[in-house]
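Have a look at upload_27.pdb; it's PDB, C-alpha atoms:
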```pdb
MODEL        1
ATOM      1  CA  MET O 233     129.557 -30.778  12.529
ATOM      2  CA  ARG O 234     131.770 -28.440  14.524
ATOM      3  CA  SER O 235     129.792 -26.217  16.858
ATOM      4  CA  TYR O 236     129.787 -22.463  16.611
ATOM      5  CA  PRO O 237     131.109 -20.604  19.675
ATOM      6  CA  ARG O 238     128.698 -18.496  21.674
ATOM      7  CA  ARG O 239     130.347 -15.277  20.476
ATOM      8  CA  LEU O 240     129.324 -16.170  16.936
ATOM      9  CA  ALA O 241     125.837 -17.062  18.081
ATOM     10  CA  ILE O 242     125.604 -13.572  19.511
ATOM     11  CA  ALA O 243     127.096 -12.163  16.325
ATOM     12  CA  ALA O 244     124.137 -13.651  14.499
ATOM     13  CA  SER O 245     122.004 -10.988  16.201
ATOM     14  CA  LEU O 246     123.871  -8.387  14.195
ATOM     15  CA  SER O 247     123.811 -10.243  10.899
ATOM     16  CA  VAL O 248     120.547 -12.187  10.599
ATOM     17  CA  MET O 249     118.539  -9.243   9.321
ATOM     18  CA  ALA O 250     121.240  -8.129   6.890
ATOM     19  CA  VAL O 251     121.770 -11.568   5.406
ATOM     20  CA  LEU O 252     118.042 -12.217   5.043
ATOM     21  CA  GLY O 253     117.439  -8.753   3.668
ATOM     22  CA  LEU O 254     114.665  -8.225   6.207
ATOM     23  CA  SER O 255     113.807  -5.201   8.259
ATOM     24  CA  ALA O 256     114.577  -5.016  11.994
ATOM     25  CA  CYS O 257     114.280  -8.178  12.942
ATOM     26  CA  GLY O 258     117.274 -36.003  34.246
ATOM     27  CA  GLN O 259     119.664 -35.410  31.241
ATOM     28  CA  SER O 260     123.223 -34.187  31.131
ATOM     29  CA  GLY O 261     121.889 -30.754  30.233
ATOM     30  CA  GLY O 262     119.413 -30.687  33.087
ATOM     31  CA  ALA O 263     115.751 -31.546  33.528
ATOM     32  CA  VAL O 264     113.266 -30.971  30.738
ATOM     33  CA  THR O 265     111.590 -27.594  31.208
ATOM     34  CA  ALA O 266     108.574 -25.810  29.761
ATOM     35  CA  ASP O 267     110.936 -23.925  27.448
ATOM     36  CA  ASP O 268     112.099 -27.162  25.819
ATOM     37  CA  MET O 269     110.435 -28.304  22.613
ATOM     38  CA  SER O 270     109.321 -31.917  22.886
ATOM     39  CA  LEU O 271     107.212 -34.633  21.319
ATOM     40  CA  GLY O 272     105.653 -37.748  22.804
ATOM     41  CA  ASN O 273     104.600 -39.029  26.180
ATOM     42  CA  ALA O 274     105.867 -36.748  28.941
ATOM     43  CA  ASN O 275     105.769 -39.752  31.309
ATOM     44  CA  ALA O 276     107.683 -42.117  29.020
ATOM     45  CA  PRO O 277     110.403 -44.104  30.807
ATOM     46  CA  VAL O 278     113.008 -42.994  28.277
ATOM     47  CA  THR O 279     113.827 -39.442  27.214
ATOM     48  CA  VAL O 280     115.890 -38.861  24.093
ATOM     49  CA  VAL O 281     117.369 -35.372  23.875
ATOM     50  CA  GLU O 282     118.830 -34.225  20.580
ATOM     51  CA  TYR O 283     121.094 -31.174  20.467
ATOM     52  CA  ALA O 284     121.014 -30.016  16.861
ATOM     53  CA  SER O 285     121.136 -27.097  14.475
ATOM     54  CA  VAL O 286     119.031 -26.386  11.404
ATOM     55  CA  SER O 287     122.221 -25.268   9.647
ATOM     56  CA  CYS O 288     124.016 -28.563  10.402
ATOM     57  CA  THR O 289     124.138 -30.888   7.374
ATOM     58  CA  HIS O 290     124.518 -34.019   9.511
ATOM     59  CA  CYS O 291     121.455 -32.985  11.535
ATOM     60  CA  ALA O 292     119.496 -32.504   8.308
ATOM     61  CA  THR O 293     120.514 -35.953   7.077
ATOM     62  CA  TRP O 294     119.425 -37.552  10.364
ATOM     63  CA  ASN O 295     116.158 -35.624  10.273
ATOM     64  CA  LYS O 296     115.388 -36.818   6.744
ATOM     65  CA  GLU O 297     116.699 -40.376   6.871
ATOM     66  CA  VAL O 298     116.310 -41.590  10.473
ATOM     67  CA  PHE O 299     113.859 -39.383  12.347
ATOM     68  CA  PRO O 300     110.668 -40.554  10.531
ATOM     69  CA  ALA O 301     111.307 -44.201  11.490
ATOM     70  CA  PHE O 302     112.449 -43.197  14.998
ATOM     71  CA  LYS O 303     109.280 -41.148  15.479
ATOM     72  CA  ALA O 304     106.993 -43.957  14.304
ATOM     73  CA  LYS O 305     108.716 -46.567  16.466
ATOM     74  CA  TYR O 306     109.227 -44.645  19.675
ATOM     75  CA  ILE O 307     107.477 -41.265  19.845
ATOM     76  CA  ASP O 308     104.135 -42.164  18.299
ATOM     77  CA  THR O 309     103.906 -45.317  20.429
ATOM     78  CA  GLY O 310     104.539 -43.457  23.692
ATOM     79  CA  LYS O 311     107.769 -45.331  24.458
ATOM     80  CA  VAL O 312     110.013 -42.266  24.282
ATOM     81  CA  ARG O 313     109.807 -38.572  25.016
ATOM     82  CA  TYR O 314     111.832 -36.701  22.411
ATOM     83  CA  VAL O 315     113.307 -33.312  23.262
ATOM     84  CA  PHE O 316     114.934 -31.046  20.686
ATOM     85  CA  ARG O 317     117.461 -28.515  21.972
ATOM     86  CA  GLU O 318     118.621 -25.729  19.704
ATOM     87  CA  PHE O 319     122.290 -25.164  18.977
ATOM     88  CA  ILE O 320     124.098 -22.758  16.653
ATOM     89  CA  THR O 321     126.400 -23.995  13.885
ATOM     90  CA  ALA O 322     127.715 -22.324  10.750
ATOM     91  CA  PRO O 323     126.228 -20.391   9.065
ATOM     92  CA  PRO O 324     124.844 -18.861  12.270
ATOM     93  CA  GLN O 325     122.463 -16.589  10.329
ATOM     94  CA  LEU O 326     120.526 -19.606   9.030
ATOM     95  CA  ALA O 327     120.528 -21.374  12.387
ATOM     96  CA  ALA O 328     119.292 -18.317  14.271
ATOM     97  CA  ALA O 329     116.653 -17.347  11.713
ATOM     98  CA  GLY O 330     115.389 -20.918  11.393
ATOM     99  CA  PHE O 331     114.963 -21.339  15.127
ATOM    100  CA  LEU O 332     113.355 -17.936  15.588
ATOM    101  CA  LEU O 333     110.875 -18.727  12.815
ATOM    102  CA  ALA O 334     110.036 -22.128  14.317
ATOM    103  CA  ARG O 335     109.435 -20.581  17.739
ATOM    104  CA  CYS O 336     107.267 -17.828  16.274
ATOM    105  CA  ALA O 337     105.149 -20.408  14.453
ATOM    106  CA  GLY O 338     104.123 -21.843  17.815
ATOM    107  CA  LYS O 339     104.627 -25.153  19.624
ATOM    108  CA  ASP O 340     102.078 -26.965  17.482
ATOM    109  CA  LYS O 341     103.946 -26.011  14.291
ATOM    110  CA  TYR O 342     107.491 -25.902  15.663
ATOM    111  CA  PHE O 343     108.642 -29.320  14.491
ATOM    112  CA  GLY O 344     106.951 -28.932  11.113
ATOM    113  CA  VAL O 345     108.878 -25.715  10.507
ATOM    114  CA  LEU O 346     112.152 -27.333  11.589
ATOM    115  CA  ASP O 347     111.533 -30.171   9.140
ATOM    116  CA  GLN O 348     110.940 -27.707   6.306
ATOM    117  CA  VAL O 349     114.121 -25.779   7.109
ATOM    118  CA  PHE O 350     116.104 -29.010   7.167
ATOM    119  CA  HIS O 351     114.662 -29.951   3.776
ATOM    120  CA  ALA O 352     115.457 -26.480   2.406
ATOM    121  CA  GLN O 353     119.117 -26.733   3.434
ATOM    122  CA  ASP O 354     120.356 -28.061   0.081
ATOM    123  CA  GLU O 355     118.704 -25.201  -1.812
ATOM    124  CA  ILE O 356     119.971 -22.611   0.659
ATOM    125  CA  PHE O 357     123.561 -23.847   0.492
ATOM    126  CA  ARG O 358     123.406 -24.198  -3.294
ATOM    127  CA  THR O 359     122.020 -20.724  -3.954
ATOM    128  CA  GLY O 360     123.251 -18.795  -0.931
ATOM    129  CA  ASP O 361     119.705 -17.442  -0.531
ATOM    130  CA  ILE O 362     118.409 -17.823   3.026
ATOM    131  CA  ARG O 363     115.563 -15.347   2.747
ATOM    132  CA  SER O 364     113.391 -16.809  -0.034
ATOM    133  CA  PRO O 365     113.026 -20.333   1.434
ATOM    134  CA  LEU O 366     112.252 -18.920   4.874
ATOM    135  CA  VAL O 367     109.624 -16.589   3.435
ATOM    136  CA  ALA O 368     107.971 -19.606   1.799
ATOM    137  CA  ILE O 369     108.172 -21.673   4.989
ATOM    138  CA  ALA O 370     106.726 -18.814   7.027
ATOM    139  CA  ALA O 371     103.807 -18.532   4.596
ATOM    140  CA  GLN O 372     103.020 -22.224   5.020
ATOM    141  CA  ALA O 373     103.006 -21.661   8.784
ATOM    142  CA  GLY O 374     100.462 -18.855   8.350
ATOM    143  CA  MET O 375     102.863 -15.944   8.711
ATOM    144  CA  ASN O 376     103.135 -13.086   6.249
ATOM    145  CA  GLU O 377     106.368 -11.314   5.386
ATOM    146  CA  GLN O 378     105.777  -8.537   7.892
ATOM    147  CA  GLN O 379     105.321 -11.094  10.659
ATOM    148  CA  LEU O 380     108.484 -12.902   9.575
ATOM    149  CA  ASN O 381     110.386  -9.610   9.653
ATOM    150  CA  ALA O 382     109.218  -8.973  13.209
ATOM    151  CA  CYS O 383     110.025 -12.540  14.213
ATOM    152  CA  VAL O 384     113.648 -12.622  13.084
ATOM    153  CA  GLY O 385     114.130  -9.082  14.362
ATOM    154  CA  ASP O 386     112.983  -9.902  17.897
ATOM    155  CA  GLU O 387     116.057  -9.119  19.982
ATOM    156  CA  LYS O 388     114.529 -10.575  23.150
ATOM    157  CA  GLU O 389     113.961 -13.942  21.470
ATOM    158  CA  LEU O 390     117.413 -13.931  19.901
ATOM    159  CA  ASN O 391     118.958 -13.224  23.300
ATOM    160  CA  ALA O 392     116.947 -16.138  24.700
ATOM    161  CA  LEU O 393     118.265 -18.389  21.916
ATOM    162  CA  ASN O 394     121.833 -17.313  22.669
ATOM    163  CA  ALA O 395     121.233 -18.041  26.364
ATOM    164  CA  ARG O 396     120.036 -21.555  25.538
ATOM    165  CA  VAL O 397     123.111 -22.191  23.391
ATOM    166  CA  GLU O 398     125.373 -20.984  26.195
ATOM    167  CA  LYS O 399     123.513 -23.204  28.664
ATOM    168  CA  TRP O 400     123.985 -26.351  26.562
ATOM    169  CA  THR O 401     127.632 -25.441  25.981
ATOM    170  CA  THR O 402     128.388 -25.009  29.677
ATOM    171  CA  THR O 403     126.045 -27.448  31.443
ATOM    172  CA  ALA O 404     125.770 -30.251  28.884
ATOM    173  CA  LYS O 405     129.280 -29.677  27.448
ATOM    174  CA  ILE O 406     127.926 -29.792  23.896
ATOM    175  CA  THR O 407     130.682 -29.174  21.362
ATOM    176  CA  GLY O 408     129.083 -30.407  18.133
ATOM    177  CA  THR O 409     125.886 -31.495  16.493
ATOM    178  CA  PRO O 410     124.021 -33.715  16.443
ATOM    179  CA  THR O 411     124.523 -34.970  19.984
ATOM    180  CA  PHE O 412     122.043 -37.324  21.629
ATOM    181  CA  ASP O 413     121.345 -38.003  25.286
ATOM    182  CA  ILE O 414     119.333 -41.122  26.179
ATOM    183  CA  ASN O 415     118.483 -41.115  29.888
ATOM    184  CA  GLY O 416     121.931 -39.742  30.603
ATOM    185  CA  LYS O 417     123.905 -41.794  28.085
ATOM    186  CA  ARG O 418     125.551 -39.600  25.482
ATOM    187  CA  LEU O 419     125.955 -40.436  21.811
ATOM    188  CA  ASP O 420     127.975 -38.023  19.694
ATOM    189  CA  GLY O 421     127.334 -37.553  16.000
ATOM    190  CA  GLU O 422     124.767 -38.784  13.534
ATOM    191  CA  GLN O 423     123.170 -42.012  14.826
ATOM    192  CA  SER O 424     121.557 -44.888  12.963
ATOM    193  CA  LEU O 425     118.227 -46.262  14.104
ATOM    194  CA  ALA O 426     120.047 -49.438  15.163
ATOM    195  CA  ALA O 427     122.373 -47.463  17.441
ATOM    196  CA  LEU O 428     119.406 -45.687  18.997
ATOM    197  CA  ASP O 429     117.551 -49.003  19.368
ATOM    198  CA  LYS O 430     120.460 -50.341  21.424
ATOM    199  CA  ALA O 431     120.752 -47.263  23.637
ATOM    200  CA  ILE O 432     116.991 -47.102  24.228
ATOM    201  CA  ALA O 433     116.819 -50.828  25.050
ATOM    202  CA  GLU O 434     119.596 -50.355  27.603
ATOM    203  CA  ALA O 435     117.761 -47.383  29.125
ATOM    204  CA  GLN O 436     114.524 -49.364  29.298
ATOM    205  CA  ALA O 437     116.296 -52.287  30.967
ATOM    206  CA  ALA O 438     117.882 -49.982  33.528
ATOM    207  CA  LYS O 439     114.429 -48.701  34.480
ATOM    208  CA  LYS O 440     113.162 -52.190  35.406
TER     209      LYS O 440
ENDMDL
END
```

Would you put the structure from the file into structure tokens?
Amino acid sequence: MRSYPRRLAIAASLSVMAVLGLSACGQSGGAVTADDMSLGNANAPVTVVEYASVSCTHCATWNKEVFPAFKAKYIDTGKVRYVFREFITAPPQLAAAGFLLARCAGKDKYFGVLDQVFHAQDEIFRTGDIRSPLVAIAAQAGMNEQQLNACVGDEKELNALNARVEKWTTTAKITGTPTFDINGKRLDGEQSLAALDKAIAEAQAAKK
């Protein structure tokens, strides 16, 4: 999916609340930091970084069809550290609100919220209603509507999201989603498990 320029990511800060109807609301991209969201063994010999957006249909397909098997084979077994890096794609209001909600839910619930947003994509695009699915997802994460309002209206966090998007655009040269980085090897676009198997095997061999 074509990426959304940073200026539109910033524009999301002006439109997220209105669209939702809420009140004020080493890898090519650099070393993994405490601000990155990750799963798996931090000391794994292979790190798989995914640059993705919760408003990207190809990212949602990968999340639903490939990620469960990838997680079972590599993350749960400690063979791979998986890092998810947020990117903004159209519609930016959904991407920004989804990421803000996931961050507000906390690190222990972050990936669960992302998964729910990905699964809600079809409904959101079919109905044009972003707010109702996110209210339901927030409730499952233990957040009431007032807390959701405050979350998506947090200008500091939205600015931080925009800064991350700019960073991946400039340092990692990300132009679309999903993009994968496996110990420095880049794979553009939606990847099959077989393609990831090959790239991970090559990364493992290079470590020996």

Q. Which is closest to Gly360 of chain O among O:Pro323, O:Ala392, O:Asn381, O:Gly374, if we use only C-alpha atoms?
A.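 For Gly360 of chain O, the nearest of the candidates is O:Pro323.
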
(Q) Which residues are near Ala433 of chain O? Cut-off 12 Å, only C-alpha atoms, ignore same chain within fewer than 6 positions. Put them as a count of residues only. (A) 14

**Q.** Selection result of the PyMOL selection byres ((chain O and resi 372) around 12) on this file, as a PyMOL selection string
**A.** chain O and resi 333-334+337+341+344-345+348-349+365-371+373-377+380

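For the residues O:Phe299, O:Asn394, O:Phe319, O:Thr402, ranking by smallest atom-to-atom distance to Glu422 of chain O using only C-alpha atoms places O:Phe299 first.
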
Cut-off 12 Å: closest segment 274-333 of chain O/segment 384-389 of chain O atom pairs per residue, using all atoms listed in the file, as JSON lines:
```
{"residue": "O:Gln325", "atom": "CA", "partner": "O:Val384", "partner_atom": "CA", "distance": 10.1}
{"residue": "O:Leu326", "atom": "CA", "partner": "O:Val384", "partner_atom": "CA", "distance": 10.6}
{"residue": "O:Ala327", "atom": "CA", "partner": "O:Val384", "partner_atom": "CA", "distance": 11.2}
{"residue": "O:Ala328", "atom": "CA", "partner": "O:Val384", "partner_atom": "CA", "distance": 8.1}
{"residue": "O:Ala329", "atom": "CA", "partner": "O:Val384", "partner_atom": "CA", "distance": 5.8}
{"residue": "O:Gly330", "atom": "CA", "partner": "O:Val384", "partner_atom": "CA", "distance": 8.6}
{"residue": "O:Phe331", "atom": "CA", "partner": "O:Val384", "partner_atom": "CA", "distance": 9.0}
{"residue": "O:Leu332", "atom": "CA", "partner": "O:Val384", "partner_atom": "CA", "distance": 5.9}
{"residue": "O:Leu333", "atom": "CA", "partner": "O:Val384", "partner_atom": "CA", "distance": 6.7}
```

(Q) Would you compute the distance between atom CA of Gly272 of chain O and atom CA of Thr409 of chain O? Give it in Å to one decimal. (A)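 Atom-to-atom, atom CA of Gly272 of chain O to atom CA of Thr409 of chain O, that is 22.1 Å.
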
Q) When distances are computed from only C-alpha atoms, which of O:Asp308, O:Ala431, O:Asp267, O:Lys399 shows the smallest separation from Asp413 of chain O? A) O:Ala431

Q. Need the neighbours of (105.5, -45.8, 17.9): which residues are at most 12 Å away, counting only C-alpha atoms, as a list in words?
A.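 Selection result: Leu271, Gly272, Asn273, Ala276, Phe299, Pro300, Ala301, Phe302, Lys303, Ala304, Lys305, Tyr306, Ile307, Asp308, Thr309, Gly310, Lys311, Val312, Arg313 and Tyr314 of chain O.
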
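Comparing O:Ile362, O:Val264, O:Met269, O:Val281 by their smallest distance to Leu419 of chain O, the closest is O:Val281 (using only C-alpha atoms).
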
(Q) Applying the PyMOL selection byres ((chain O and resi 397) around 7) to the file I just gave you, which residues come out? Please list them as a VMD selection string. (A) chain O and resid 238 318 to 320 393 to 396 398 to 401

Save the residues we just selected, C-alpha atoms, as an mmCIF file, in the frame of the given file?
```cif
data_model
loop_
_atom_site.group_PDB
_atom_site.id
_atom_site.type_symbol
_atom_site.label_atom_id
_atom_site.label_comp_id
_atom_site.auth_asym_id
_atom_site.auth_seq_id
_atom_site.Cartn_x
_atom_site.Cartn_y
_atom_site.Cartn_z
ATOM 1 C CA ARG O 238 128.698 -18.496 21.674
ATOM 2 C CA GLU O 318 118.621 -25.729 19.704
ATOM 3 C CA PHE O 319 122.290 -25.164 18.977
ATOM 4 C CA ILE O 320 124.098 -22.758 16.653
ATOM 5 C CA LEU O 393 118.265 -18.389 21.916
ATOM 6 C CA ASN O 394 121.833 -17.313 22.669
ATOM 7 C CA ALA O 395 121.233 -18.041 26.364
ATOM 8 C CA ARG O 396 120.036 -21.555 25.538
ATOM 9 C CA GLU O 398 125.373 -20.984 26.195
ATOM 10 C CA LYS O 399 123.513 -23.204 28.664
ATOM 11 C CA TRP O 400 123.985 -26.351 26.562
ATOM 12 C CA THR O 401 127.632 -25.441 25.981
#
```

Specify the axis-aligned box that encloses all atoms of segment 328-343 of chain O listed in the file after padding of 4 Å on each side, stating its centre and edge lengths in Å to one decimal as AutoDock Vina command-line options.
```
--center_x 110.7 --center_y -23.3 --center_z 15.5 --size_x 25.2 --size_y 20.0 --size_z 16.2
```

Q.
When you count all atoms listed in the file, which of these residues is closest to Ser270 of chain O: O:Phe357, O:Phe316, O:Phe350, O:Tyr342?
A.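 Checking each candidate against Ser270 of chain O, we get O:Phe316 as the closest.
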
Q: Please indicate the distance in Å from atom CA of Gln353 of chain O to atom CA of Arg317 of chain O, rounded to one decimal place.
A: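 About the pair atom CA of Gln353 of chain O and atom CA of Arg317 of chain O: they are 18.7 Å apart.
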
Q: Tell me, in Å to one decimal, how far atom CA of Ala437 of chain O is from atom CA of Asp420 of chain O.
A: 21.6 Å

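Here the question is which of O:Val315, O:Ala382, O:Leu428, O:Cys336 gets nearest to Glu282 of chain O using only C-alpha atoms, and that residue is O:Val315.
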